[in-house]
>>> print(open('target21.cif').read())   # mmCIF, C-alpha atoms and all ligand atoms
data_input
loop_
_atom_site.label_atom_id
_atom_site.label_comp_id
_atom_site.auth_asym_id
_atom_site.auth_seq_id
_atom_site.Cartn_x
_atom_site.Cartn_y
_atom_site.Cartn_z
CA MET A 743 12.80 -16.30 -27.32
CA ALA A 744 14.84 -13.51 -25.71
CA VAL A 745 12.71 -11.12 -23.66
CA LYS A 746 13.12 -7.38 -24.10
CA SER A 747 15.27 -5.84 -21.41
CA LEU A 748 13.31 -3.35 -19.31
CA ARG A 749 14.68 -0.06 -18.02
CA MET A 750 13.15 1.18 -14.80
CA GLY A 751 13.33 4.51 -12.97
CA VAL A 752 12.66 5.08 -9.28
CA VAL A 753 11.56 8.37 -7.68
CA GLY A 754 12.18 8.61 -3.94
CA THR A 755 15.09 6.99 -2.13
CA GLY A 756 13.35 6.19 1.19
CA PHE A 757 11.21 3.10 0.66
CA GLY A 758 12.09 3.52 -3.04
CA ARG A 759 15.43 1.83 -2.30
CA TYR A 760 13.50 -1.44 -1.84
CA HIS A 761 12.00 -1.00 -5.31
CA MET A 762 15.55 -0.60 -6.67
CA GLU A 763 16.65 -3.71 -4.81
CA GLY A 764 13.61 -5.60 -6.10
CA TYR A 765 14.23 -4.65 -9.75
CA SER A 766 17.97 -5.27 -9.48
CA LYS A 767 17.34 -8.95 -8.68
CA LEU A 768 15.29 -9.57 -11.82
CA GLU A 769 16.68 -10.96 -15.01
CA GLY A 770 16.42 -8.61 -17.97
CA VAL A 771 15.55 -5.63 -15.76
CA GLN A 772 17.81 -2.65 -15.14
CA VAL A 773 17.56 0.16 -12.60
CA HIS A 774 18.27 2.83 -15.20
CA ALA A 775 17.53 6.10 -13.38
CA VAL A 776 17.05 7.39 -9.84
CA CYS A 777 15.40 10.66 -8.85
CA ASP A 778 15.25 12.45 -5.51
CA LEU A 779 15.34 16.05 -4.29
CA ASN A 780 18.24 14.83 -2.20
CA LEU A 781 20.75 14.41 -5.02
CA GLU A 782 23.44 13.01 -2.77
CA GLU A 783 21.18 10.14 -1.74
CA ALA A 784 20.00 9.64 -5.32
CA ARG A 785 23.64 9.34 -6.43
CA PHE A 786 24.41 6.91 -3.62
CA PHE A 787 21.62 4.52 -4.60
CA ALA A 788 22.22 4.97 -8.34
CA ASN A 789 25.75 3.86 -7.68
CA GLN A 790 24.64 0.93 -5.52
CA TYR A 791 22.21 -0.41 -8.13
CA GLY A 792 24.17 0.54 -11.26
CA ALA A 793 21.76 3.22 -12.52
CA LYS A 794 23.30 5.40 -15.22
CA HIS A 795 21.16 8.49 -14.66
CA VAL A 796 20.39 10.67 -11.64
CA PHE A 797 17.76 13.40 -11.50
CA LYS A 798 16.39 15.99 -9.11
CA ASP A 799 13.41 16.83 -11.35
CA TYR A 800 11.11 13.87 -11.98
CA ARG A 801 9.73 15.44 -15.15
CA GLU A 802 13.16 15.26 -16.74
CA MET A 803 13.49 11.61 -15.76
CA PHE A 804 10.06 10.69 -17.16
CA ALA A 805 10.95 12.48 -20.42
CA MET A 806 13.64 9.84 -21.16
CA ASP A 807 12.42 7.79 -24.10
CA GLU A 808 14.28 4.67 -23.10
CA LEU A 809 12.54 4.28 -19.71
CA ASP A 810 9.86 1.56 -19.73
CA GLY A 811 8.46 1.89 -16.23
CA VAL A 812 8.77 3.93 -13.07
CA SER A 813 8.27 3.43 -9.35
CA ILE A 814 6.90 6.34 -7.37
CA ALA A 815 7.86 6.30 -3.69
CA THR A 816 7.42 9.91 -2.61
CA PRO A 817 5.13 11.71 -0.12
CA ASN A 818 1.49 10.74 -0.68
CA CYS A 819 0.41 14.11 -2.11
CA LEU A 820 2.87 13.62 -5.01
CA HIS A 821 1.58 10.18 -6.06
CA ALA A 822 -1.16 11.54 -8.33
CA PRO A 823 0.76 14.33 -10.14
CA MET A 824 3.83 12.15 -10.64
CA THR A 825 1.84 9.10 -11.78
CA ILE A 826 -0.18 11.13 -14.26
CA ASP A 827 2.94 12.79 -15.68
CA ALA A 828 4.69 9.41 -16.06
CA LEU A 829 1.67 7.84 -17.78
CA LYS A 830 1.37 10.79 -20.16
CA LYS A 831 5.00 10.16 -21.10
CA GLY A 832 4.21 6.51 -21.84
CA LYS A 833 5.66 4.81 -18.75
CA HIS A 834 4.13 1.94 -16.80
CA VAL A 835 3.75 2.96 -13.14
CA LEU A 836 4.13 1.19 -9.81
CA VAL A 837 2.97 3.69 -7.19
CA GLU A 838 3.32 3.43 -3.43
CA LYS A 839 0.43 3.15 -1.03
CA PRO A 840 -1.81 4.97 -0.35
CA MET A 841 -2.36 5.32 -4.07
CA ALA A 842 -3.75 8.85 -3.60
CA THR A 843 -5.00 11.24 -0.94
CA THR A 844 -8.51 11.59 -2.44
CA PRO A 845 -10.80 9.42 -4.59
CA LYS A 846 -10.76 12.16 -7.25
CA GLU A 847 -6.98 11.88 -7.60
CA ALA A 848 -7.18 8.07 -7.76
CA GLU A 849 -9.79 8.28 -10.51
CA ALA A 850 -7.65 10.74 -12.52
CA MET A 851 -4.67 8.36 -12.22
CA VAL A 852 -6.69 5.42 -13.53
CA ALA A 853 -8.12 7.52 -16.36
CA ALA A 854 -4.55 8.51 -17.34
CA ALA A 855 -3.48 4.83 -17.34
CA LYS A 856 -6.42 3.88 -19.56
CA LYS A 857 -5.67 6.71 -21.96
CA ALA A 858 -1.99 5.78 -22.13
CA GLY A 859 -2.70 2.04 -22.37
CA LYS A 860 -0.09 1.42 -19.66
CA ARG A 861 -0.04 -0.55 -16.43
CA LEU A 862 -0.84 1.16 -13.14
CA MET A 863 -0.14 -1.01 -10.12
CA VAL A 864 -0.23 -0.03 -6.45
CA GLU A 865 2.44 -1.31 -4.08
CA GLN A 866 0.01 -2.87 -1.57
CA ALA A 867 3.00 -4.78 -0.22
CA MET A 868 1.05 -6.83 2.32
CA ARG A 869 -1.12 -8.37 -0.42
CA PHE A 870 2.06 -10.01 -1.68
CA ALA A 871 3.05 -11.52 1.67
CA PRO A 872 3.10 -15.32 1.27
CA ASP A 873 0.47 -15.86 3.99
CA THR A 874 -1.93 -13.40 2.34
CA GLN A 875 -1.53 -15.14 -1.02
CA LEU A 876 -2.09 -18.51 0.62
CA LEU A 877 -5.32 -17.41 2.32
CA ARG A 878 -6.50 -15.82 -0.90
CA ALA A 879 -5.98 -19.18 -2.64
CA TYR A 880 -8.34 -20.71 -0.05
CA PHE A 881 -10.87 -17.93 -0.64
CA ASP A 882 -10.64 -18.44 -4.42
CA ARG A 883 -11.36 -22.15 -4.01
CA GLY A 884 -14.49 -21.41 -1.99
CA VAL A 885 -13.18 -22.87 1.27
CA PHE A 886 -14.73 -20.04 3.32
CA GLY A 887 -18.05 -20.20 1.45
CA GLU A 888 -19.89 -16.90 1.69
CA VAL A 889 -17.78 -14.43 3.66
CA TYR A 890 -20.14 -12.27 5.71
CA TYR A 891 -17.86 -10.49 8.18
CA ALA A 892 -14.22 -9.48 8.58
CA LYS A 893 -12.23 -7.76 11.27
CA SER A 894 -8.90 -6.04 10.91
CA SER A 895 -6.63 -4.31 13.39
CA TRP A 896 -3.11 -2.86 13.71
CA ILE A 897 -2.28 -1.28 17.04
CA ARG A 898 1.20 0.12 17.60
CA ARG A 899 2.82 1.60 20.68
CA LYS A 900 5.04 4.62 20.04
CA GLY A 901 4.74 4.09 16.31
CA TRP A 902 4.33 7.66 15.00
CA PRO A 903 6.44 8.36 11.91
CA LYS A 904 8.93 11.18 12.46
CA LEU A 905 8.20 11.36 16.22
CA ASN A 906 9.10 7.79 17.18
CA PHE A 907 11.08 6.47 14.22
CA PRO A 908 14.89 6.89 14.12
CA PRO A 909 15.89 9.88 11.90
CA GLY A 910 18.59 7.94 10.02
CA GLY A 911 16.35 4.91 9.35
CA THR A 912 14.62 3.83 6.17
CA MET A 913 11.02 4.14 7.43
CA GLY A 914 8.82 6.97 8.69
CA ARG A 915 11.60 9.52 8.54
CA GLY A 916 9.87 12.43 6.74
CA VAL A 917 7.87 15.09 8.61
CA TRP A 918 5.47 15.00 5.65
CA PHE A 919 3.95 11.80 7.16
CA ILE A 920 2.32 13.93 9.86
CA ARG A 921 1.35 16.96 7.74
CA LYS A 922 -2.25 16.74 6.59
CA GLU A 923 -1.65 18.48 3.28
CA GLU A 924 1.18 16.16 2.27
CA ALA A 925 0.05 12.85 3.77
CA GLY A 926 -3.71 13.21 3.33
CA PHE A 927 -4.32 10.88 6.28
CA GLY A 928 -2.43 9.88 9.42
CA ALA A 929 -2.47 6.30 10.74
CA LEU A 930 -5.49 5.60 8.54
CA GLY A 931 -3.56 6.18 5.29
CA ASP A 932 -0.26 4.80 6.54
CA ILE A 933 -1.23 1.49 8.16
CA GLY A 934 -5.03 1.48 7.79
CA VAL A 935 -4.52 1.32 4.01
CA HIS A 936 -2.83 -2.07 4.51
CA LEU A 937 -5.27 -3.51 7.02
CA VAL A 938 -8.46 -2.45 5.26
CA ASP A 939 -6.97 -3.78 2.04
CA LEU A 940 -5.90 -7.13 3.49
CA ALA A 941 -9.33 -7.97 4.91
CA TRP A 942 -11.11 -6.61 1.80
CA TYR A 943 -8.82 -8.66 -0.50
CA LEU A 944 -9.50 -11.81 1.53
CA MET A 945 -13.25 -11.12 1.31
CA GLY A 946 -12.93 -11.10 -2.50
CA ALA A 947 -13.04 -7.26 -2.80
CA PRO A 948 -16.83 -6.77 -2.59
CA LYS A 949 -18.30 -3.39 -3.54
CA PRO A 950 -18.40 -0.97 -0.57
CA VAL A 951 -21.67 0.95 -0.18
CA ALA A 952 -21.49 2.78 3.17
CA VAL A 953 -18.90 3.76 5.75
CA THR A 954 -18.97 5.01 9.31
CA GLY A 955 -15.92 5.94 11.35
CA MET A 956 -14.15 8.01 13.96
CA MET A 957 -10.60 9.33 14.26
CA TRP A 958 -8.65 10.60 17.26
CA THR A 959 -5.29 12.20 18.05
CA LYS A 960 -4.63 11.81 21.76
CA VAL A 961 -1.68 9.89 23.16
CA ALA A 962 1.25 11.55 21.36
CA VAL A 963 -0.08 15.12 21.54
CA PRO A 964 2.06 16.30 24.51
CA LEU A 965 5.27 14.97 22.90
CA LEU A 966 4.38 16.38 19.47
CA LYS A 967 3.85 19.80 21.06
CA LYS A 968 7.05 19.56 23.07
CA LYS A 969 8.99 18.79 19.90
CA ARG A 970 7.11 21.50 17.97
CA LEU A 971 5.81 18.95 15.47
CA PRO A 972 2.43 19.37 13.75
CA VAL A 973 -0.68 17.94 15.43
CA GLU A 974 -2.70 17.58 12.24
CA VAL A 975 -3.41 13.96 11.37
CA ASP A 976 -5.23 11.03 12.96
CA GLU A 977 -3.30 8.90 15.43
CA MET A 978 -6.08 6.34 15.64
CA ALA A 979 -8.97 5.55 13.30
CA ALA A 980 -11.79 3.07 13.63
CA GLY A 981 -14.59 2.31 11.24
CA ALA A 982 -17.06 -0.10 9.74
CA ILE A 983 -17.61 -0.61 6.03
CA ARG A 984 -20.78 -2.15 4.64
CA PHE A 985 -20.72 -3.96 1.29
CA GLU A 986 -23.41 -4.49 -1.30
CA ASN A 987 -24.33 -8.03 -0.26
CA GLY A 988 -24.66 -7.32 3.45
CA GLN A 989 -21.04 -8.06 4.47
CA LEU A 990 -19.32 -5.86 7.05
CA LEU A 991 -15.65 -5.06 7.69
CA ALA A 992 -14.68 -3.58 11.06
CA VAL A 993 -11.26 -1.97 11.29
CA ASP A 994 -9.13 -0.10 13.82
CA VAL A 995 -5.57 1.14 13.51
CA SER A 996 -3.37 3.27 15.72
CA TRP A 997 0.19 4.63 15.70
CA ASP A 998 0.16 4.88 19.47
CA ALA A 999 -2.13 3.66 22.23
CA TYR A 1000 -2.02 2.61 25.85
CA ASN A 1001 -2.73 -0.94 24.78
CA GLU A 1002 -1.15 -4.17 23.61
CA PRO A 1003 0.53 -3.87 20.17
CA MET A 1004 -1.08 -6.28 17.69
CA GLN A 1005 -1.98 -7.06 14.10
CA GLU A 1006 -5.10 -9.03 13.35
CA VAL A 1007 -7.19 -10.02 10.35
CA ARG A 1008 -10.12 -12.42 10.72
CA ILE A 1009 -12.39 -13.67 7.98
CA PHE A 1010 -15.79 -15.17 8.81
CA GLY A 1011 -17.55 -17.32 6.19
CA ASP A 1012 -20.49 -19.75 6.31
CA LYS A 1013 -18.29 -22.75 5.38
CA GLY A 1014 -14.98 -21.70 6.89
CA GLY A 1015 -12.85 -18.84 8.10
CA ALA A 1016 -9.30 -17.64 8.58
CA THR A 1017 -6.89 -15.59 10.62
CA LEU A 1018 -3.84 -13.95 9.11
CA PHE A 1019 -1.44 -13.26 11.99
CA PRO A 1020 -0.65 -16.18 12.18
CA ALA A 1021 -2.19 -17.70 9.06
CA LYS A 1022 -4.74 -20.34 9.97
CA VAL A 1023 -7.69 -21.73 8.07
CA TYR A 1024 -10.85 -23.14 9.59
CA ARG A 1025 -12.17 -25.55 6.96
CA GLY A 1026 -15.47 -26.43 8.51
CA GLU A 1027 -14.45 -28.07 11.79
CA ASP A 1028 -10.86 -28.74 10.60
CA ILE A 1029 -8.17 -26.32 11.67
CA MET A 1030 -5.18 -25.98 9.35
CA GLU A 1031 -2.00 -24.31 10.58
CA THR A 1032 0.44 -22.29 8.40
CA ALA A 1033 2.79 -25.16 7.46
CA GLU A 1034 -0.08 -27.31 6.22
CA LEU A 1035 -1.67 -24.45 4.27
CA SER A 1036 1.26 -24.11 1.89
CA THR A 1037 1.07 -27.71 0.66
CA THR A 1038 -2.68 -28.26 0.21
CA PHE A 1039 -2.93 -26.85 -3.31
CA GLY A 1040 0.45 -28.07 -4.57
CA ALA A 1041 3.81 -26.32 -4.29
CA TYR A 1042 3.40 -22.69 -3.34
CA GLU A 1043 5.32 -20.03 -5.28
CA PRO A 1044 5.74 -16.71 -3.45
CA VAL A 1045 4.88 -13.63 -5.53
CA ASP A 1046 7.29 -10.72 -5.39
CA PRO A 1047 5.60 -7.35 -6.10
CA TYR A 1048 8.44 -6.06 -8.33
CA ALA A 1049 8.63 -9.29 -10.31
CA HIS A 1050 4.84 -9.21 -10.63
CA PHE A 1051 4.84 -5.61 -11.91
CA VAL A 1052 7.48 -6.51 -14.49
CA ALA A 1053 5.52 -9.63 -15.49
CA CYS A 1054 2.41 -7.45 -15.94
CA ILE A 1055 4.37 -5.07 -18.20
CA ARG A 1056 5.64 -7.98 -20.29
CA ASN A 1057 2.29 -9.68 -20.54
CA PRO A 1058 -0.66 -7.30 -21.06
CA GLU A 1059 -3.08 -10.21 -20.50
CA MET A 1060 -1.79 -10.98 -17.01
CA LYS A 1061 -4.23 -10.29 -14.17
CA CYS A 1062 -2.64 -7.77 -11.83
CA ILE A 1063 -2.79 -8.60 -8.11
CA ALA A 1064 -2.99 -4.92 -7.05
CA PRO A 1065 -4.41 -2.91 -9.98
CA GLY A 1066 -5.00 0.83 -9.82
CA ASP A 1067 -8.64 0.64 -10.89
CA GLN A 1068 -9.54 -1.64 -7.97
CA ASN A 1069 -7.57 0.56 -5.56
CA ILE A 1070 -9.94 3.50 -6.19
CA GLN A 1071 -12.45 1.65 -3.97
CA LEU A 1072 -9.86 1.37 -1.20
CA ILE A 1073 -9.19 5.13 -1.26
CA LYS A 1074 -12.97 5.68 -1.20
CA MET A 1075 -13.26 3.52 1.94
CA LEU A 1076 -10.46 5.42 3.73
CA ASP A 1077 -11.87 8.76 2.62
CA GLY A 1078 -15.31 7.58 3.80
CA ILE A 1079 -13.98 6.85 7.30
CA ALA A 1080 -12.33 10.31 7.42
CA ARG A 1081 -15.47 12.08 6.15
CA SER A 1082 -17.71 10.17 8.54
CA ALA A 1083 -15.40 11.15 11.43
CA GLN A 1084 -15.68 14.81 10.38
CA THR A 1085 -19.43 14.89 9.89
CA GLY A 1086 -20.56 12.39 12.51
CA LYS A 1087 -22.69 10.71 9.84
CA GLU A 1088 -22.61 7.55 7.78
CA VAL A 1089 -21.11 8.19 4.32
CA ARG A 1090 -22.77 6.52 1.31
CA LEU A 1091 -20.31 5.57 -1.40
N1 LIG B 1 4.50 -0.39 0.78
C1 LIG B 1 4.99 -0.20 2.02
O1 LIG B 1 4.98 -1.10 2.85
C2 LIG B 1 5.59 1.14 2.36
C3 LIG B 1 6.53 1.27 3.37
C4 LIG B 1 7.06 2.54 3.62
C5 LIG B 1 6.63 3.64 2.87
N2 LIG B 1 5.71 3.48 1.91
C6 LIG B 1 5.22 4.61 1.10
O2 LIG B 1 6.28 5.10 0.29
C7 LIG B 1 6.15 6.50 0.12
C8 LIG B 1 7.43 7.17 0.57
O3 LIG B 1 7.63 6.89 1.95
P1 LIG B 1 9.10 6.91 2.59
O4 LIG B 1 9.00 6.24 3.90
O5 LIG B 1 10.06 6.43 1.61
O6 LIG B 1 9.26 8.50 2.80
P2 LIG B 1 10.65 9.30 2.91
O7 LIG B 1 10.29 10.66 3.38
O8 LIG B 1 11.65 8.49 3.64
O9 LIG B 1 11.17 9.36 1.39
C9 LIG B 1 10.51 10.11 0.41
C10 LIG B 1 11.57 10.61 -0.55
O10 LIG B 1 10.92 11.37 -1.57
C11 LIG B 1 11.76 12.46 -1.89
N3 LIG B 1 10.97 13.50 -2.53
C12 LIG B 1 10.07 14.33 -1.99
N4 LIG B 1 9.57 15.17 -2.90
C13 LIG B 1 10.18 14.87 -4.08
C14 LIG B 1 10.09 15.39 -5.39
N5 LIG B 1 9.28 16.40 -5.71
N6 LIG B 1 10.88 14.84 -6.35
C15 LIG B 1 11.73 13.84 -6.05
N7 LIG B 1 11.84 13.30 -4.82
C16 LIG B 1 11.09 13.80 -3.84
C17 LIG B 1 12.35 12.89 -0.56
O11 LIG B 1 13.52 13.66 -0.74
C18 LIG B 1 12.59 11.55 0.11
O12 LIG B 1 13.89 11.05 -0.09
C19 LIG B 1 4.93 6.93 0.93
O13 LIG B 1 3.82 7.03 0.09
C20 LIG B 1 4.74 5.80 1.92
O14 LIG B 1 3.41 5.64 2.32
C21 LIG B 1 5.19 2.25 1.64
#
>>> encode(input="target21.cif", output="structure tokens")
Amino acid sequence: MAVKSLRMGVVGTGFGRYHMEGYSKLEGVQVHAVCDLNLEEARFFANQYGAKHVFKDYREMFAMDELDGVSIATPNCLHAPMTIDALKKGKHVLVEKPMATTPKEAEAMVAAAKKAGKRLMVEQAMRFAPDTQLLRAYFDRGVFGEVYYAKSSWIRRKGWPKLNFPPGGTMGRGVWFIRKEEAGFGALGDIGVHLVDLAWYLMGAPKPVAVTGMMWTKVAVPLLKKKRLPVEVDEMAAGAIRFENGQLLAVDVSWDAYNEPMQEVRIFGDKGGATLFPAKVYRGEDIMETAELSTTFGAYEPVDPYAHFVACIRNPEMKCIAPGDQNIQLIKMLDGIARSAQTGKEVRL
């Protein structure tokens, strides 16, 4: 049976260009429209991926009847208004991380998706990394037993968006990344959103009940001031999240630090455990390295986020790997760390 061809629109030509690339590789999927305030760039990518329509105003793009779904890859503060508008106009939405800048926004987005009866998926790209999917398969088969603790860390050196990233590059180029009103969070929302999510996903996404945290902006301050850039968002955040069955997740992330750059996720269970960078599983006393992990449960098929979003649109019964409703909890955890840092108190969720 021939499948219906899907027409997709993409707002934002920074990371959004990877959404276009992702859709363009899929059979029966067309990049139909591109939108950006920078019309020249929108035209360039529309041309590259064969999109017929170019817009500056996202509302006009979402008003097109023939569009089936949209990707939203704009500054964080625009995720909620754009997502809600797209859903109201009957489009499925794939929105970039962090899904929203407040839990209230995230809840409104999910309510809009429910009302519209459309998919809302969050581009938690690191969930789709082959090693993450492999470890999750071990979690799902009970290899770790009861997971009681997890630890997650991403420390960069000279990794501030705008300040340290090349202006002509594809990542961290907008000054909005370091403006509180537009980004919502600093390092916590930019890279903490990935690392909290990875550990939480590999713990089986238990329900968070309390959060404590601190945030600092220290190392890059002299350079930010020298370059007359805003000193508004967290450079480093650290926190601990307690879950309903007594599990704990400890996390720290930083855009800059006088320390060794690293990424780490560790999962501690009563039957086994795992590390993610590199992927390793401790199955009781047996240690399984990455190469062995991919063959244990049969041939491993990598999951591409764009293909998965399209598959979710085509099959309403399909379980989404990164659904909007689950992501509300993630935004609550990040918001909890920020609120705890402000008040000096534990935040109950
Ligand atoms: N999943 C990932 O691994 C990953 C990686 C990078 C960025 N991101 C996320 O993607 C989003 C965008 O980040 P980026 O690095 O592409 O930023 P960017 O600043 O490079 O690009 C954002 C684009 O949005 C456009 N834009 C702004 N306001 C607009 C509006 N009202 N209408 C239309 N276009 C508008 C800008 O002109 C710009 O081209 C952010 O939420 C970021 O967190 C995710």
>>> residues_near_ligand(input="target21.cif", ligand="ligand LIG 1 (chain B)", cutoff="9 Å", atoms="only C-alpha atoms and all ligand atoms", output="ChimeraX atom specification")
/A:753-759,777-781,783-784,797-801,814-821,824,837-842,864-868,903,911-919,925,931-933,936
>>> atom_distance(input="target21.cif", atom1="CA of Gly926 (chain A)", atom2="CA of Pro845 (chain A)")
11.3 Å
>>> atom_distance(input="target21.cif", atom1="CA of Ala952 (chain A)", atom2="CA of Arg1081 (chain A)")
11.5 Å
>>> residues_around(input="target21.cif", residues="region 1045-1057 of chain A", least_positions_apart="3", cutoff="12 Å", atoms="all atoms listed in the file", output="PDB file with C-alpha atoms, in the coordinates of the input")
ATOM      1  CA  VAL A 745      12.710 -11.120 -23.660  1.00  0.00           C
ATOM      2  CA  LYS A 746      13.120  -7.380 -24.100  1.00  0.00           C
ATOM      3  CA  SER A 747      15.270  -5.840 -21.410  1.00  0.00           C
ATOM      4  CA  LEU A 748      13.310  -3.350 -19.310  1.00  0.00           C
ATOM      5  CA  ARG A 749      14.680  -0.060 -18.020  1.00  0.00           C
ATOM      6  CA  MET A 750      13.150   1.180 -14.800  1.00  0.00           C
ATOM      7  CA  VAL A 752      12.660   5.080  -9.280  1.00  0.00           C
ATOM      8  CA  GLY A 758      12.090   3.520  -3.040  1.00  0.00           C
ATOM      9  CA  TYR A 760      13.500  -1.440  -1.840  1.00  0.00           C
ATOM     10  CA  HIS A 761      12.000  -1.000  -5.310  1.00  0.00           C
ATOM     11  CA  MET A 762      15.550  -0.600  -6.670  1.00  0.00           C
ATOM     12  CA  GLU A 763      16.650  -3.710  -4.810  1.00  0.00           C
ATOM     13  CA  GLY A 764      13.610  -5.600  -6.100  1.00  0.00           C
ATOM     14  CA  TYR A 765      14.230  -4.650  -9.750  1.00  0.00           C
ATOM     15  CA  SER A 766      17.970  -5.270  -9.480  1.00  0.00           C
ATOM     16  CA  LYS A 767      17.340  -8.950  -8.680  1.00  0.00           C
ATOM     17  CA  LEU A 768      15.290  -9.570 -11.820  1.00  0.00           C
ATOM     18  CA  GLU A 769      16.680 -10.960 -15.010  1.00  0.00           C
ATOM     19  CA  GLY A 770      16.420  -8.610 -17.970  1.00  0.00           C
ATOM     20  CA  VAL A 771      15.550  -5.630 -15.760  1.00  0.00           C
ATOM     21  CA  GLN A 772      17.810  -2.650 -15.140  1.00  0.00           C
ATOM     22  CA  VAL A 773      17.560   0.160 -12.600  1.00  0.00           C
ATOM     23  CA  ASP A 810       9.860   1.560 -19.730  1.00  0.00           C
ATOM     24  CA  GLY A 811       8.460   1.890 -16.230  1.00  0.00           C
ATOM     25  CA  VAL A 812       8.770   3.930 -13.070  1.00  0.00           C
ATOM     26  CA  SER A 813       8.270   3.430  -9.350  1.00  0.00           C
ATOM     27  CA  LYS A 833       5.660   4.810 -18.750  1.00  0.00           C
ATOM     28  CA  HIS A 834       4.130   1.940 -16.800  1.00  0.00           C
ATOM     29  CA  VAL A 835       3.750   2.960 -13.140  1.00  0.00           C
ATOM     30  CA  LEU A 836       4.130   1.190  -9.810  1.00  0.00           C
ATOM     31  CA  VAL A 837       2.970   3.690  -7.190  1.00  0.00           C
ATOM     32  CA  GLU A 838       3.320   3.430  -3.430  1.00  0.00           C
ATOM     33  CA  GLY A 859      -2.700   2.040 -22.370  1.00  0.00           C
ATOM     34  CA  LYS A 860      -0.090   1.420 -19.660  1.00  0.00           C
ATOM     35  CA  ARG A 861      -0.040  -0.550 -16.430  1.00  0.00           C
ATOM     36  CA  LEU A 862      -0.840   1.160 -13.140  1.00  0.00           C
ATOM     37  CA  MET A 863      -0.140  -1.010 -10.120  1.00  0.00           C
ATOM     38  CA  VAL A 864      -0.230  -0.030  -6.450  1.00  0.00           C
ATOM     39  CA  GLU A 865       2.440  -1.310  -4.080  1.00  0.00           C
ATOM     40  CA  GLN A 866       0.010  -2.870  -1.570  1.00  0.00           C
ATOM     41  CA  ALA A 867       3.000  -4.780  -0.220  1.00  0.00           C
ATOM     42  CA  MET A 868       1.050  -6.830   2.320  1.00  0.00           C
ATOM     43  CA  ARG A 869      -1.120  -8.370  -0.420  1.00  0.00           C
ATOM     44  CA  PHE A 870       2.060 -10.010  -1.680  1.00  0.00           C
ATOM     45  CA  ALA A 871       3.050 -11.520   1.670  1.00  0.00           C
ATOM     46  CA  PRO A 872       3.100 -15.320   1.270  1.00  0.00           C
ATOM     47  CA  ASP A 873       0.470 -15.860   3.990  1.00  0.00           C
ATOM     48  CA  THR A 874      -1.930 -13.400   2.340  1.00  0.00           C
ATOM     49  CA  GLN A 875      -1.530 -15.140  -1.020  1.00  0.00           C
ATOM     50  CA  LEU A 876      -2.090 -18.510   0.620  1.00  0.00           C
ATOM     51  CA  TYR A1042       3.400 -22.690  -3.340  1.00  0.00           C
ATOM     52  CA  MET A1060      -1.790 -10.980 -17.010  1.00  0.00           C
ATOM     53  CA  LYS A1061      -4.230 -10.290 -14.170  1.00  0.00           C
ATOM     54  CA  CYS A1062      -2.640  -7.770 -11.830  1.00  0.00           C
ATOM     55  CA  ILE A1063      -2.790  -8.600  -8.110  1.00  0.00           C
ATOM     56  CA  ALA A1064      -2.990  -4.920  -7.050  1.00  0.00           C
ATOM     57  CA  PRO A1065      -4.410  -2.910  -9.980  1.00  0.00           C
ATOM     58  CA  GLY A1066      -5.000   0.830  -9.820  1.00  0.00           C
TER      59      GLY A1066
END
>>> atom_distance(input="target21.cif", atom1="CA of Lys831 (chain A)", atom2="CA of Ile1073 (chain A)")
24.9 Å
>>> closest_residue(input="target21.cif", among="A:Gly1086, A:Gly887, A:Gly832, A:Pro1058", to="Ile1009 (chain A)", atoms="all atoms listed in the file")
A:Gly887
>>> build_atoms(input="target21.cif", residues="region 1006-1015 of chain A", atoms="N, CA and C atoms", output="tab-separated table (two decimals), keeping the file's coordinate frame")
chain	number	residue	atom	x	y	z
A	1006	GLU	N	-4.11	-7.96	13.43
A	1006	GLU	CA	-5.10	-9.03	13.35
A	1006	GLU	C	-5.95	-8.87	12.08
A	1007	VAL	N	-6.16	-9.99	11.40
A	1007	VAL	CA	-7.19	-10.02	10.35
A	1007	VAL	C	-7.96	-11.32	10.54
A	1008	ARG	N	-9.27	-11.22	10.59
A	1008	ARG	CA	-10.12	-12.42	10.72
A	1008	ARG	C	-11.19	-12.39	9.65
A	1009	ILE	N	-11.39	-13.54	9.06
A	1009	ILE	CA	-12.39	-13.67	7.98
A	1009	ILE	C	-13.44	-14.68	8.44
A	1010	PHE	N	-14.70	-14.30	8.35
A	1010	PHE	CA	-15.79	-15.17	8.81
A	1010	PHE	C	-16.67	-15.56	7.61
A	1011	GLY	N	-16.70	-16.86	7.29
A	1011	GLY	CA	-17.55	-17.32	6.19
A	1011	GLY	C	-18.51	-18.41	6.67
A	1012	ASP	N	-19.50	-18.76	5.85
A	1012	ASP	CA	-20.49	-19.75	6.31
A	1012	ASP	C	-20.00	-21.19	6.17
A	1013	LYS	N	-18.85	-21.39	5.46
A	1013	LYS	CA	-18.29	-22.75	5.38
A	1013	LYS	C	-16.96	-22.85	6.10
A	1014	GLY	N	-16.29	-21.71	6.26
A	1014	GLY	CA	-14.98	-21.70	6.89
A	1014	GLY	C	-14.57	-20.30	7.23
A	1015	GLY	N	-13.33	-20.17	7.74
A	1015	GLY	CA	-12.85	-18.84	8.10
A	1015	GLY	C	-11.34	-18.85	8.18
